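Q: Below is query14.csv; it holds CSV, C-alpha atoms.
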```csv
chain,number,residue,atom,x,y,z
U,15,MET,CA,1.8,82.1,-12.2
U,16,HIS,CA,2.7,78.6,-11.5
U,17,ALA,CA,6.3,77.4,-11.1
U,18,PRO,CA,7.6,75.8,-14.2
U,19,LEU,CA,7.5,72.0,-14.4
U,20,THR,CA,10.9,70.4,-14.8
U,21,VAL,CA,11.9,66.9,-16.0
U,22,GLU,CA,15.2,65.5,-14.9
U,23,SER,CA,17.0,64.3,-18.1
U,24,GLY,CA,13.8,63.0,-19.6
U,25,LYS,CA,13.2,60.5,-16.7
U,26,ARG,CA,9.9,60.3,-15.0
U,27,ALA,CA,10.0,60.4,-11.2
U,28,ARG,CA,8.7,57.2,-9.6
U,29,VAL,CA,7.5,56.3,-6.2
U,30,VAL,CA,7.8,52.7,-5.3
U,31,SER,CA,5.3,51.5,-2.8
U,32,LEU,CA,6.0,49.0,-0.1
U,33,ARG,CA,3.7,46.5,-1.9
U,34,GLY,CA,5.6,47.0,-5.1
U,35,TRP,CA,8.9,46.4,-3.4
U,36,VAL,CA,7.5,43.2,-1.8
U,37,ARG,CA,6.3,42.0,-5.3
U,38,GLN,CA,9.8,42.6,-6.7
U,39,LEU,CA,11.4,40.7,-3.8
U,40,HIS,CA,8.9,37.8,-4.4
U,41,LEU,CA,9.7,37.8,-8.1
U,42,TRP,CA,13.5,37.7,-7.8
U,43,LEU,CA,13.5,35.2,-5.0
U,44,GLY,CA,11.4,32.9,-7.1
U,45,LEU,CA,13.5,33.3,-10.2
U,46,SER,CA,16.8,32.9,-8.5
U,47,LEU,CA,16.0,29.9,-6.2
U,48,GLY,CA,12.9,28.5,-7.7
U,49,ALA,CA,14.5,25.5,-9.3
U,50,LEU,CA,16.2,24.5,-6.0
U,51,LEU,CA,12.8,24.7,-4.2
U,52,VAL,CA,11.2,22.6,-7.0
U,53,LEU,CA,13.9,20.0,-6.4
U,54,LEU,CA,13.2,19.9,-2.7
U,55,GLY,CA,9.5,19.7,-3.2
U,56,LEU,CA,9.6,16.8,-5.7
U,57,THR,CA,12.1,14.8,-3.7
U,58,GLY,CA,10.1,15.4,-0.5
U,59,SER,CA,6.9,14.1,-2.2
U,60,ALA,CA,8.6,10.9,-3.1
U,61,LEU,CA,10.1,10.5,0.4
U,62,VAL,CA,6.6,10.6,1.9
U,63,PHE,CA,6.3,7.1,0.6
U,64,TYR,CA,9.9,6.1,1.2
U,65,GLN,CA,9.4,2.6,2.5
U,66,ASP,CA,6.6,1.8,0.1
U,67,ILE,CA,8.6,2.8,-3.0
U,68,ASP,CA,11.7,1.0,-1.7
U,69,GLY,CA,9.7,-2.2,-1.1
U,70,TRP,CA,8.3,-2.0,-4.7
U,71,LEU,CA,11.8,-1.5,-6.1
U,72,HIS,CA,13.1,-4.5,-4.1
U,73,PRO,CA,10.5,-7.3,-4.1
U,74,GLU,CA,12.9,-9.7,-2.4
U,75,VAL,CA,12.2,-8.0,1.0
U,76,ARG,CA,8.5,-7.3,0.4
U,77,SER,CA,6.3,-8.6,3.2
U,78,ARG,CA,4.2,-11.6,2.3
U,79,SER,CA,3.0,-12.7,5.7
U,80,ALA,CA,0.2,-11.3,7.9
U,81,GLY,CA,-0.1,-10.9,11.6
U,82,PRO,CA,1.8,-9.0,14.3
U,83,GLY,CA,5.6,-8.6,14.2
U,84,PRO,CA,7.9,-9.9,16.9
U,85,GLY,CA,7.7,-8.2,20.2
U,86,TRP,CA,9.4,-7.9,23.5
U,87,THR,CA,9.8,-11.6,24.3
U,88,ASP,CA,10.3,-13.1,20.9
U,89,PRO,CA,13.6,-15.1,20.5
U,90,VAL,CA,13.9,-13.9,16.9
U,91,TRP,CA,16.1,-10.9,18.0
U,92,ASP,CA,18.9,-13.0,19.3
U,93,ARG,CA,18.7,-15.2,16.2
U,94,ALA,CA,18.9,-12.2,14.0
U,95,LEU,CA,21.9,-10.8,15.9
U,96,ALA,CA,23.7,-14.2,15.7
U,97,THR,CA,23.0,-14.3,11.9
U,98,VAL,CA,24.5,-10.9,11.1
U,99,ARG,CA,27.5,-11.4,13.4
U,100,GLY,CA,28.2,-14.8,11.9
U,101,ARG,CA,27.9,-13.5,8.4
U,102,TRP,CA,30.1,-10.5,9.0
U,103,PRO,CA,32.4,-11.3,12.0
U,104,GLU,CA,34.8,-8.4,11.0
U,105,ARG,CA,32.1,-5.8,11.7
U,106,GLN,CA,32.7,-4.9,15.3
U,107,GLY,CA,30.4,-1.9,15.5
U,108,ALA,CA,26.8,-1.8,16.7
U,109,TRP,CA,23.8,-3.7,15.1
U,110,ARG,CA,20.4,-2.0,15.3
U,111,PHE,CA,17.1,-3.9,14.6
U,112,GLU,CA,13.7,-2.4,13.9
U,113,ALA,CA,10.5,-3.8,15.3
U,114,THR,CA,8.0,-3.3,12.6
U,115,ASP,CA,4.3,-3.6,12.8
U,116,GLY,CA,4.1,-6.7,10.5
U,117,ALA,CA,5.5,-10.2,10.5
U,118,GLY,CA,7.6,-9.6,7.4
U,119,PRO,CA,11.4,-9.2,7.0
U,120,ILE,CA,13.4,-7.7,9.8
U,121,PRO,CA,15.2,-4.5,8.9
U,122,ALA,CA,18.6,-4.0,10.5
U,123,ARG,CA,21.4,-1.4,10.4
U,124,TYR,CA,25.1,-1.7,11.0
U,125,LEU,CA,26.8,1.4,12.5
U,126,PRO,CA,30.5,1.1,11.6
U,127,LEU,CA,33.3,2.2,13.8
U,128,ARG,CA,35.4,5.2,12.8
U,129,HIS,CA,38.4,3.3,11.9
U,130,GLU,CA,36.6,0.9,9.5
U,131,HIS,CA,37.1,1.3,5.7
U,132,THR,CA,33.7,3.0,5.4
U,133,ASP,CA,31.8,5.3,7.6
U,134,ARG,CA,28.5,4.6,5.8
U,135,MET,CA,25.7,2.8,7.6
U,136,VAL,CA,24.9,-0.6,6.1
U,137,MET,CA,21.2,-1.6,5.6
U,138,VAL,CA,20.3,-5.3,6.0
U,139,TRP,CA,17.0,-7.1,5.7
U,140,LEU,CA,16.6,-10.6,7.3
U,141,SER,CA,14.0,-13.2,6.9
U,142,PRO,CA,11.1,-13.1,9.4
U,143,ASP,CA,12.7,-15.9,11.5
U,144,GLY,CA,16.0,-14.0,11.6
U,145,ARG,CA,18.0,-16.9,10.1
U,146,GLN,CA,18.7,-15.6,6.6
U,147,VAL,CA,20.0,-12.4,5.0
U,148,LEU,CA,17.7,-11.3,2.2
U,149,ARG,CA,19.4,-8.0,1.2
U,150,GLU,CA,22.4,-5.8,2.0
U,151,ALA,CA,23.2,-2.3,0.8
U,152,GLU,CA,25.2,0.7,1.9
U,153,TRP,CA,23.3,3.8,2.8
U,154,GLY,CA,23.3,6.2,-0.2
U,155,THR,CA,24.1,3.6,-2.8
U,156,TYR,CA,20.5,2.7,-3.7
U,157,ALA,CA,17.6,4.9,-5.0
U,158,MET,CA,15.6,5.9,-1.9
U,159,THR,CA,18.6,6.6,0.3
U,160,TRP,CA,20.3,8.6,-2.5
U,161,LEU,CA,17.0,10.6,-2.8
U,162,TYR,CA,17.0,11.1,0.9
U,163,ASP,CA,20.5,12.5,0.9
U,164,LEU,CA,19.6,14.7,-2.1
U,165,HIS,CA,16.6,16.1,-0.3
U,166,MET,CA,18.3,16.6,3.1
U,167,ALA,CA,21.7,17.8,2.1
U,168,LEU,CA,22.0,18.0,-1.8
U,169,LEU,CA,24.5,15.1,-1.6
U,170,ALA,CA,27.0,17.5,0.1
U,171,GLY,CA,27.0,16.5,3.7
U,172,GLU,CA,26.8,19.1,6.4
U,173,THR,CA,27.5,21.9,4.0
U,174,GLY,CA,24.6,20.8,1.8
U,175,GLN,CA,22.3,20.5,4.8
U,176,THR,CA,23.1,24.1,5.7
U,177,VAL,CA,22.3,25.2,2.2
U,178,VAL,CA,19.0,23.3,2.3
U,179,GLY,CA,18.1,25.0,5.6
U,180,GLY,CA,18.9,28.4,4.1
U,181,ALA,CA,16.8,27.6,1.1
U,182,GLY,CA,14.0,26.8,3.5
U,183,LEU,CA,14.3,30.2,5.0
U,184,VAL,CA,14.1,31.8,1.5
U,185,LEU,CA,11.0,29.7,0.8
U,186,LEU,CA,9.4,31.0,3.9
U,187,LEU,CA,10.2,34.5,2.9
U,188,LEU,CA,8.9,33.7,-0.6
U,189,LEU,CA,5.6,32.4,0.7
U,190,LEU,CA,5.0,35.3,3.0
U,191,SER,CA,5.9,37.9,0.4
U,192,GLY,CA,3.6,36.3,-2.0
U,193,LEU,CA,0.8,36.4,0.5
U,194,TRP,CA,1.6,40.1,1.2
U,195,ALA,CA,1.7,41.0,-2.4
U,196,TRP,CA,-1.7,39.3,-3.0
U,197,TRP,CA,-3.5,40.6,0.1
U,198,PRO,CA,-6.4,42.8,-1.1
U,199,LYS,CA,-6.8,46.3,0.0
U,200,GLY,CA,-10.6,46.0,0.0
U,201,ARG,CA,-12.9,43.1,-0.6
U,202,PHE,CA,-11.5,39.5,-0.9
U,203,ARG,CA,-14.0,38.3,-3.5
U,204,PRO,CA,-12.5,40.2,-6.5
U,205,ALA,CA,-9.0,39.2,-5.4
U,206,LEU,CA,-10.1,35.5,-5.5
U,207,HIS,CA,-11.8,35.7,-8.9
U,208,PHE,CA,-10.5,33.5,-11.6
U,209,LYS,CA,-11.0,35.1,-15.0
U,210,ARG,CA,-11.2,32.2,-17.5
U,211,GLY,CA,-11.5,34.3,-20.7
U,212,ALA,CA,-8.6,36.6,-19.9
U,213,ALA,CA,-5.3,37.0,-21.7
U,214,ALA,CA,-2.6,34.4,-21.0
U,215,VAL,CA,-0.8,36.7,-18.6
U,216,ARG,CA,-3.9,37.1,-16.5
U,217,ARG,CA,-4.7,33.4,-16.6
U,218,LEU,CA,-1.2,32.6,-15.4
U,219,HIS,CA,-1.5,35.1,-12.6
U,220,ASP,CA,-4.7,33.5,-11.5
U,221,LEU,CA,-3.2,30.0,-11.6
U,222,HIS,CA,-0.2,31.2,-9.7
U,223,LYS,CA,-2.4,32.9,-7.1
U,224,TRP,CA,-4.7,29.9,-6.5
U,225,ALA,CA,-1.8,27.4,-6.4
U,226,GLY,CA,-0.1,29.6,-3.7
U,227,LEU,CA,-3.3,30.1,-1.7
U,228,VAL,CA,-4.3,26.4,-1.8
U,229,SER,CA,-0.9,25.1,-0.8
U,230,LEU,CA,0.1,27.8,1.6
U,231,PRO,CA,-0.9,26.2,4.9
U,232,LEU,CA,0.9,22.9,4.3
U,233,LEU,CA,3.8,24.5,2.6
U,234,LEU,CA,4.3,26.8,5.6
U,235,MET,CA,4.2,23.7,7.9
U,236,LEU,CA,6.7,21.7,5.8
U,237,THR,CA,9.0,24.7,5.4
U,238,VAL,CA,9.2,25.5,9.1
U,239,THR,CA,9.7,21.9,10.2
U,240,GLY,CA,12.2,21.4,7.3
U,241,VAL,CA,14.3,24.4,8.4
U,242,MET,CA,14.4,23.3,12.0
U,243,LEU,CA,15.4,19.7,11.0
U,244,ALA,CA,18.1,21.0,8.6
U,245,LEU,CA,19.5,23.6,11.1
U,246,PRO,CA,19.2,21.8,14.5
U,247,GLN,CA,21.8,24.0,16.3
U,248,PRO,CA,20.2,27.4,15.4
U,249,SER,CA,16.8,25.9,15.9
U,250,ASN,CA,17.7,24.6,19.4
U,251,ALA,CA,19.2,27.9,20.3
U,252,LEU,CA,16.0,29.7,19.4
U,253,LEU,CA,14.0,27.2,21.4
U,254,VAL,CA,16.2,27.7,24.4
U,255,ALA,CA,15.8,31.4,24.2
U,256,THR,CA,12.1,31.4,23.7
U,257,VAL,CA,10.6,28.2,25.2
U,258,GLY,CA,13.1,26.4,27.5
U,259,PRO,CA,16.0,24.1,27.7
U,260,VAL,CA,16.5,21.2,25.3
U,261,SER,CA,17.3,17.8,26.6
U,262,ARG,CA,19.8,15.8,24.5
U,263,VAL,CA,20.2,12.0,24.1
U,264,VAL,CA,23.5,11.1,25.8
U,265,PRO,CA,24.3,7.4,26.1
U,266,PRO,CA,25.7,6.6,29.6
U,267,PRO,CA,29.3,5.3,30.0
U,268,VAL,CA,29.8,1.6,30.6
U,269,VAL,CA,32.1,0.4,33.3
U,270,GLY,CA,33.2,-3.2,33.8
U,271,ALA,CA,31.9,-4.7,30.6
U,272,ALA,CA,34.6,-7.3,30.2
U,273,GLN,CA,32.3,-10.2,31.0
U,274,PRO,CA,30.4,-12.1,28.2
U,275,PRO,CA,27.4,-10.1,27.0
U,276,ILE,CA,23.9,-11.0,28.1
U,277,PRO,CA,21.4,-12.1,25.5
U,278,LEU,CA,19.5,-9.4,23.7
U,279,ALA,CA,16.3,-10.8,25.1
U,280,GLN,CA,17.5,-10.2,28.7
U,281,ALA,CA,18.2,-6.5,27.8
U,282,LEU,CA,14.7,-6.2,26.3
U,283,GLN,CA,13.1,-7.6,29.5
U,284,ALA,CA,14.9,-5.1,31.6
U,285,ALA,CA,13.8,-2.2,29.4
U,286,HIS,CA,10.2,-3.5,29.4
U,287,ARG,CA,10.1,-3.5,33.1
U,288,VAL,CA,11.0,0.1,33.2
U,289,MET,CA,8.5,1.2,30.5
U,290,PRO,CA,5.7,-1.5,30.6
U,291,GLN,CA,3.3,0.6,28.5
U,292,ALA,CA,5.7,1.4,25.7
U,293,ARG,CA,5.8,-0.1,22.2
U,294,LEU,CA,9.1,-1.6,21.1
U,295,ALA,CA,10.6,0.3,18.1
U,296,TRP,CA,14.4,-0.3,18.0
U,297,MET,CA,17.1,-2.2,19.8
U,298,GLU,CA,20.8,-1.8,19.4
U,299,ALA,CA,23.5,-4.3,20.4
U,300,PRO,CA,27.0,-2.8,20.7
U,301,GLY,CA,30.2,-4.3,19.5
U,302,PRO,CA,32.3,-6.2,22.1
U,303,GLY,CA,33.2,-3.9,25.0
U,304,ARG,CA,31.9,-0.8,23.1
U,305,GLY,CA,28.9,0.4,25.0
U,306,ALA,CA,25.4,-0.5,26.4
U,307,TYR,CA,22.4,-2.1,24.9
U,308,MET,CA,20.0,0.6,23.7
U,309,VAL,CA,16.3,0.1,23.5
U,310,ARG,CA,14.2,2.8,21.8
U,311,VAL,CA,10.5,2.8,22.6
U,312,GLN,CA,7.3,4.7,21.8
U,313,GLN,CA,5.5,5.9,24.9
U,314,PRO,CA,1.8,6.7,24.8
U,315,GLY,CA,1.3,10.1,23.2
U,316,ASP,CA,4.6,10.1,21.3
U,317,PRO,CA,3.8,11.4,17.8
U,318,SER,CA,6.5,9.4,16.1
U,319,ARG,CA,5.9,5.8,15.6
U,320,ARG,CA,9.0,4.7,13.7
U,321,PHE,CA,11.5,7.0,15.4
U,322,PRO,CA,10.1,7.6,18.9
U,323,HIS,CA,11.9,9.6,21.6
U,324,SER,CA,12.2,7.4,24.7
U,325,TYR,CA,15.3,5.3,25.4
U,326,VAL,CA,16.5,2.7,27.9
U,327,TRP,CA,20.2,1.8,28.2
U,328,VAL,CA,21.1,-1.6,29.7
U,329,HIS,CA,24.5,-2.8,30.9
U,330,PRO,CA,25.8,-5.4,28.4
U,331,ALA,CA,27.2,-7.7,31.1
U,332,THR,CA,24.9,-7.4,34.1
U,333,GLY,CA,21.6,-6.5,32.6
U,334,ALA,CA,21.2,-3.5,34.9
U,335,VAL,CA,19.4,-0.4,33.7
U,336,LEU,CA,22.0,2.3,33.3
U,337,ALA,CA,19.8,5.3,32.2
U,338,VAL,CA,16.3,6.1,31.1
U,339,GLN,CA,15.1,9.0,28.9
U,340,ASP,CA,11.3,9.2,29.0
U,341,ARG,CA,9.6,11.6,26.7
U,342,GLU,CA,6.8,12.1,29.3
U,343,ARG,CA,9.3,14.0,31.4
U,344,PHE,CA,10.6,16.3,28.6
U,345,GLY,CA,10.2,20.0,28.7
U,346,ALA,CA,8.3,22.1,26.1
U,347,SER,CA,11.3,22.5,23.8
U,348,ASN,CA,11.7,18.8,23.4
U,349,VAL,CA,8.0,18.4,22.7
U,350,VAL,CA,8.4,20.8,19.8
U,351,ASN,CA,11.4,18.9,18.5
U,352,ASN,CA,9.5,15.6,18.8
U,353,TRP,CA,6.8,16.8,16.5
U,354,LEU,CA,9.2,18.0,13.7
U,355,HIS,CA,9.9,14.8,11.9
U,356,PRO,CA,6.4,13.2,12.1
U,357,LEU,CA,4.9,16.4,10.8
U,358,HIS,CA,7.5,16.9,8.0
U,359,ASP,CA,7.1,13.3,6.7
U,360,ALA,CA,3.4,13.2,7.5
U,361,SER,CA,3.8,9.9,9.4
U,362,VAL,CA,1.7,11.3,12.2
U,363,GLY,CA,-1.5,11.6,10.1
U,364,GLY,CA,-1.8,8.2,8.4
U,365,GLY,CA,-2.5,7.7,4.7
U,366,PRO,CA,-4.7,10.8,4.0
U,367,LEU,CA,-2.2,13.3,5.4
U,368,ARG,CA,0.7,11.5,3.6
U,369,ALA,CA,-1.2,11.7,0.3
U,370,LEU,CA,-2.0,15.4,0.9
U,371,VAL,CA,1.6,16.2,1.8
U,372,ALA,CA,3.0,14.3,-1.2
U,373,LEU,CA,0.6,16.4,-3.4
U,374,THR,CA,1.7,19.6,-1.7
U,375,GLY,CA,5.3,18.9,-2.6
U,376,LEU,CA,4.3,19.3,-6.3
U,377,PHE,CA,3.1,22.8,-5.8
U,378,PRO,CA,6.5,24.5,-5.8
U,379,ALA,CA,6.9,23.2,-9.4
U,380,ALA,CA,3.5,24.6,-10.4
U,381,LEU,CA,4.3,28.0,-8.7
U,382,PHE,CA,7.7,28.2,-10.4
U,383,VAL,CA,6.4,27.3,-13.9
U,384,THR,CA,3.4,29.7,-13.8
U,385,GLY,CA,5.5,32.5,-12.3
U,386,LEU,CA,8.3,32.1,-14.8
U,387,LEU,CA,5.9,32.0,-17.8
U,388,ARG,CA,4.1,35.0,-16.6
U,389,TRP,CA,7.4,36.9,-16.1
U,390,ARG,CA,8.5,36.1,-19.6
U,391,LEU,CA,5.2,37.0,-21.2
U,392,ARG,CA,5.2,40.4,-19.4
U,393,ARG,CA,8.7,41.1,-20.7
U,394,LEU,CA,7.9,40.5,-24.4
U,395,PRO,CA,6.0,43.7,-25.0
U,396,ARG,CA,8.8,45.7,-23.3
U,397,ARG,CA,11.4,44.3,-25.6
U,398,HIS,CA,9.3,45.4,-28.7
U,399,ASP,CA,8.4,48.8,-27.3
U,400,ARG,CA,11.9,49.9,-26.3
U,401,LEU,CA,12.8,50.7,-29.9
U,402,SER,CA,10.2,52.1,-32.3
U,403,VAL,CA,10.9,53.0,-35.9
U,404,ARG,CA,8.8,55.8,-37.6
U,405,PRO,CA,8.3,55.5,-41.3
U,406,SER,CA,9.5,59.1,-42.0
U,407,GLY,CA,11.7,59.9,-39.1
U,408,PRO,CA,14.9,58.8,-37.3
U,409,LEU,CA,15.1,56.0,-34.7
U,410,THR,CA,13.7,57.2,-31.4
U,411,ILE,CA,13.7,55.8,-27.9
U,412,ASP,CA,10.5,55.7,-25.9
U,413,PRO,CA,11.1,57.4,-22.6
U,414,ARG,CA,8.2,55.7,-20.9
U,415,VAL,CA,9.9,52.3,-20.9
U,416,PRO,CA,12.7,51.9,-18.3
```
Would you kindly transcribe this structure into C-alpha cells?
A:
Amino acid sequence: MHAPLTVESGKRARVVSLRGWVRQLHLWLGLSLGALLVLLGLTGSALVFYQDIDGWLHPEVRSRSAGPGPGWTDPVWDRALATVRGRWPERQGAWRFEATDGAGPIPARYLPLRHEHTDRMVMVWLSPDGRQVLREAEWGTYAMTWLYDLHMALLAGETGQTVVGGAGLVLLLLLLSGLWAWWPKGRFRPALHFKRGAAAVRRLHDLHKWAGLVSLPLLLMLTVTGVMLALPQPSNALLVATVGPVSRVVPPPVVGAAQPPIPLAQALQAAHRVMPQARLAWMEAPGPGRGAYMVRVQQPGDPSRRFPHSYVWVHPATGAVLAVQDRERFGASNVVNNWLHPLHDASVGGGPLRALVALTGLFPAALFVTGLLRWRLRRLPRRHDRLSVRPSGPLTIDPRVP
C-alpha cells in the first residue's frame, strides 16, 4: 500500500524556483524605487539639452553672431576679466571663463571664497566683446541648474548624491533581474512575440518587455556611468583595485606672488607653448595673491570637449609654467574616468546620440507605468477570489489563494 498523503494545515507545499525569486525581486524593486528612477530619467533627458534649453529660456544671452569664438591670442579675455572685476570689486575669489565654439556671449563663473556670504558659484554672461554684463545668476537659483542639482543630488548635497548613486545601483540590479526573468529557456522567437489581441495583462507584459529590451543597452551605459559619477570615491577605489592608480588634479602651490599679476593673455601664451596642439576650453584668473592661473585644454583624443582633462598652471606674477597635467600621459583608470561624463551626457556623440539618450531617459517612466498597471491588474482577480459566497452554504475560504 502507498503511504498516506498528508496536507499541513490545508496549505499546499510550494517550491520557488530561482527564476521566480528573481521575478519577485524585480517586481518589488520596481514598485519601491520606480518613482525615483522615473525622476532621474526625466531630469536626465532634459539635461542632455541643458545649454539649448537654458538659451531658449534666456534669449538675452542667445548667440546671434556667426564665426569662430575668441581663441588663444584674443584680447577679449583681459577685457572680460576687467569688466567683472570692475563690476564686482568685492568678489576676491577666482573668475573662470569658457572658450565656446561660437562668437556669441562669453560665459563666466565666479568661484567664491569660503568666508564670503555665499558659497554658491555665480554664473555670468558677457557680451562678445567682453565689455558688458548681459546676465548674472547664482547656481541653483534658475531652472536648469536647479534641475541639474535635482538630478545629481536630489537637492540634498552630498547626502543626496550618495542616495542617487545607491538608486543607480538598484536600477542596475533592476535591469539585470528583468533580463534574467525574461531570458527564454528555449527559442527566442516566442519570447519576443507581441500578441496584439491578448488580454490587457498580456499586452502590458509585452509592452514592458519590449520597452526594457529596446532601452537596455543605453540604460545600462547611463546607469554605470551615473553611478561612477555620483560615487567617485568608491568608483576610484574599484578602479585602483582592478585597473590601476588614479591621478588627481592638484593645483601647485604659488610662492612669491606679491608682484602685480601678469595679463591673462600672457598666461594663455605660456600654456599654449606647452600644449600647441590643444584646443582652449577654460581659463581661470585667481583672486589677488590666491593661486595660479589655470588653463584647461582639450588635447587630441580627449572625449570631452566642454570639460576636457588637461591643465596648465601659470605663475600669476612671473608667467612661468608651474605644472602640467596632460591626459596623454594618464593611466588606464583616468582614461575610464575621462569617458564617464561625455558618455553620460552624450556630448561625445553629437546630435544623434544626444537625441537617442534623451529618448532613453523616458523609458524608465514607460517601464514603471506598464509594470505598475500589470501588477494591479493581476491583483484584482485575487481580491475577488479570496472570499467566495455559496448560495446555500456558509462563507468559505479558498485554500488555493495565498
Q: With all atoms listed in the file counted and 12 Å as the cut-off, give the residues of segment 310-381 of chain U in contact with segment 36-60 of chain U, each with its shortest interatomic distance in Å and the pair that gives it, as JSON lines.
A:
```
{"residue": "U:His358", "atom": "CA", "partner": "U:Gly58", "partner_atom": "CA", "distance": 9.0}
{"residue": "U:Asp359", "atom": "CA", "partner": "U:Gly58", "partner_atom": "CA", "distance": 8.1}
{"residue": "U:Ala360", "atom": "CA", "partner": "U:Ser59", "partner_atom": "CA", "distance": 10.4}
{"residue": "U:Leu367", "atom": "CA", "partner": "U:Ser59", "partner_atom": "CA", "distance": 11.9}
{"residue": "U:Arg368", "atom": "CA", "partner": "U:Ser59", "partner_atom": "CA", "distance": 8.9}
{"residue": "U:Ala369", "atom": "CA", "partner": "U:Ser59", "partner_atom": "CA", "distance": 8.8}
{"residue": "U:Leu370", "atom": "CA", "partner": "U:Ser59", "partner_atom": "CA", "distance": 9.5}
{"residue": "U:Val371", "atom": "CA", "partner": "U:Ser59", "partner_atom": "CA", "distance": 7.0}
{"residue": "U:Ala372", "atom": "CA", "partner": "U:Ser59", "partner_atom": "CA", "distance": 4.0}
{"residue": "U:Leu373", "atom": "CA", "partner": "U:Ser59", "partner_atom": "CA", "distance": 6.8}
{"residue": "U:Thr374", "atom": "CA", "partner": "U:Ser59", "partner_atom": "CA", "distance": 7.6}
{"residue": "U:Gly375", "atom": "CA", "partner": "U:Gly55", "partner_atom": "CA", "distance": 4.3}
{"residue": "U:Leu376", "atom": "CA", "partner": "U:Leu56", "partner_atom": "CA", "distance": 5.9}
{"residue": "U:Phe377", "atom": "CA", "partner": "U:Gly55", "partner_atom": "CA", "distance": 7.6}
{"residue": "U:Pro378", "atom": "CA", "partner": "U:Val52", "partner_atom": "CA", "distance": 5.2}
{"residue": "U:Ala379", "atom": "CA", "partner": "U:Val52", "partner_atom": "CA", "distance": 5.0}
{"residue": "U:Ala380", "atom": "CA", "partner": "U:Val52", "partner_atom": "CA", "distance": 8.7}
{"residue": "U:Leu381", "atom": "CA", "partner": "U:Gly48", "partner_atom": "CA", "distance": 8.7}
```
Q: Any idea what the distance is between atom CA of Met297 of chain U and atom CA of Trp153 of chain U?
A: 19.1 Å
Q: In Å, how far is it from atom CA of Leu185 of chain U to atom CA of Val241 of chain U?
A: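 It comes out at 9.8 Å.
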Q: Within 7 Å of Gly83 of chain U, counting all atoms listed in the file, which residues qualify if same-chain residues fewer than 2 places away don't, as JSON, numbers by chain?
A: {"U": [81, 85, 113, 114, 115, 116, 117]}
Q: Counting all atoms listed in the file, what is within 7 Å of segment 273-288 of chain U, bar same-chain residues fewer than 5 positions away, as a list in words?
A: Trp86, Thr87, Pro89, Trp91, Asp92, Tyr307, Val309, Val326, Val328, Pro330, Ala331, Gly333 and Val335 of chain U
Q: Go ahead and write the residues just picked, C-alpha atoms, as an mmCIF file, in the coordinates of the input.
A:
```cif
data_model
loop_
_atom_site.group_PDB
_atom_site.id
_atom_site.type_symbol
_atom_site.label_atom_id
_atom_site.label_comp_id
_atom_site.auth_asym_id
_atom_site.auth_seq_id
_atom_site.Cartn_x
_atom_site.Cartn_y
_atom_site.Cartn_z
ATOM 1 C CA TRP U 86 9.400 -7.900 23.500
ATOM 2 C CA THR U 87 9.800 -11.600 24.300
ATOM 3 C CA PRO U 89 13.600 -15.100 20.500
ATOM 4 C CA TRP U 91 16.100 -10.900 18.000
ATOM 5 C CA ASP U 92 18.900 -13.000 19.300
ATOM 6 C CA TYR U 307 22.400 -2.100 24.900
ATOM 7 C CA VAL U 309 16.300 0.100 23.500
ATOM 8 C CA VAL U 326 16.500 2.700 27.900
ATOM 9 C CA VAL U 328 21.100 -1.600 29.700
ATOM 10 C CA PRO U 330 25.800 -5.400 28.400
ATOM 11 C CA ALA U 331 27.200 -7.700 31.100
ATOM 12 C CA GLY U 333 21.600 -6.500 32.600
ATOM 13 C CA VAL U 335 19.400 -0.400 33.700
#
```
Q: Mind pulling up the distance from atom CA of Leu227 of chain U to atom CA of Trp197 of chain U?
A: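 So the answer is 10.7 Å.
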Q: Which polymer residues have any atom within 6 Å of an atom of segment 340-350 of chain U, counting all atoms listed in the file, with same-chain residues fewer than 2 positions away left out, as JSON, numbers by chain?
A: {"U": [253, 257, 258, 260, 323, 324, 352, 353]}
Q: Pick out the residues sitting within 10 Å of segment 63-75 of chain U, and hand them over as a ChimeraX atom specification; count all atoms listed in the file, and ignore anything fewer than 4 positions along from it in its own chain.
A: /U:58-59,118-121,138-142,147-149,156-159,161-162,359-361,365,368-369,372
Q: Just to be explicit: take each residue in the selection above, keep C-alpha atoms, and write the result as a PDB file, in the frame of the given file.
A:
```
ATOM      1  CA  GLY U  58      10.100  15.400  -0.500  1.00  0.00           C
ATOM      2  CA  SER U  59       6.900  14.100  -2.200  1.00  0.00           C
ATOM      3  CA  GLY U 118       7.600  -9.600   7.400  1.00  0.00           C
ATOM      4  CA  PRO U 119      11.400  -9.200   7.000  1.00  0.00           C
ATOM      5  CA  ILE U 120      13.400  -7.700   9.800  1.00  0.00           C
ATOM      6  CA  PRO U 121      15.200  -4.500   8.900  1.00  0.00           C
ATOM      7  CA  VAL U 138      20.300  -5.300   6.000  1.00  0.00           C
ATOM      8  CA  TRP U 139      17.000  -7.100   5.700  1.00  0.00           C
ATOM      9  CA  LEU U 140      16.600 -10.600   7.300  1.00  0.00           C
ATOM     10  CA  SER U 141      14.000 -13.200   6.900  1.00  0.00           C
ATOM     11  CA  PRO U 142      11.100 -13.100   9.400  1.00  0.00           C
ATOM     12  CA  VAL U 147      20.000 -12.400   5.000  1.00  0.00           C
ATOM     13  CA  LEU U 148      17.700 -11.300   2.200  1.00  0.00           C
ATOM     14  CA  ARG U 149      19.400  -8.000   1.200  1.00  0.00           C
ATOM     15  CA  TYR U 156      20.500   2.700  -3.700  1.00  0.00           C
ATOM     16  CA  ALA U 157      17.600   4.900  -5.000  1.00  0.00           C
ATOM     17  CA  MET U 158      15.600   5.900  -1.900  1.00  0.00           C
ATOM     18  CA  THR U 159      18.600   6.600   0.300  1.00  0.00           C
ATOM     19  CA  LEU U 161      17.000  10.600  -2.800  1.00  0.00           C
ATOM     20  CA  TYR U 162      17.000  11.100   0.900  1.00  0.00           C
ATOM     21  CA  ASP U 359       7.100  13.300   6.700  1.00  0.00           C
ATOM     22  CA  ALA U 360       3.400  13.200   7.500  1.00  0.00           C
ATOM     23  CA  SER U 361       3.800   9.900   9.400  1.00  0.00           C
ATOM     24  CA  GLY U 365      -2.500   7.700   4.700  1.00  0.00           C
ATOM     25  CA  ARG U 368       0.700  11.500   3.600  1.00  0.00           C
ATOM     26  CA  ALA U 369      -1.200  11.700   0.300  1.00  0.00           C
ATOM     27  CA  ALA U 372       3.000  14.300  -1.200  1.00  0.00           C
TER      28      ALA U 372
END
```
Q: Tell me which of U:Val215, U:Leu206, U:Leu234, U:Pro103 sits closest to Leu188 of chain U, counting all atoms listed in the file.
A: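 Comparing U:Val215, U:Leu206, U:Leu234, U:Pro103 against Leu188 of chain U, the winner is U:Leu234.
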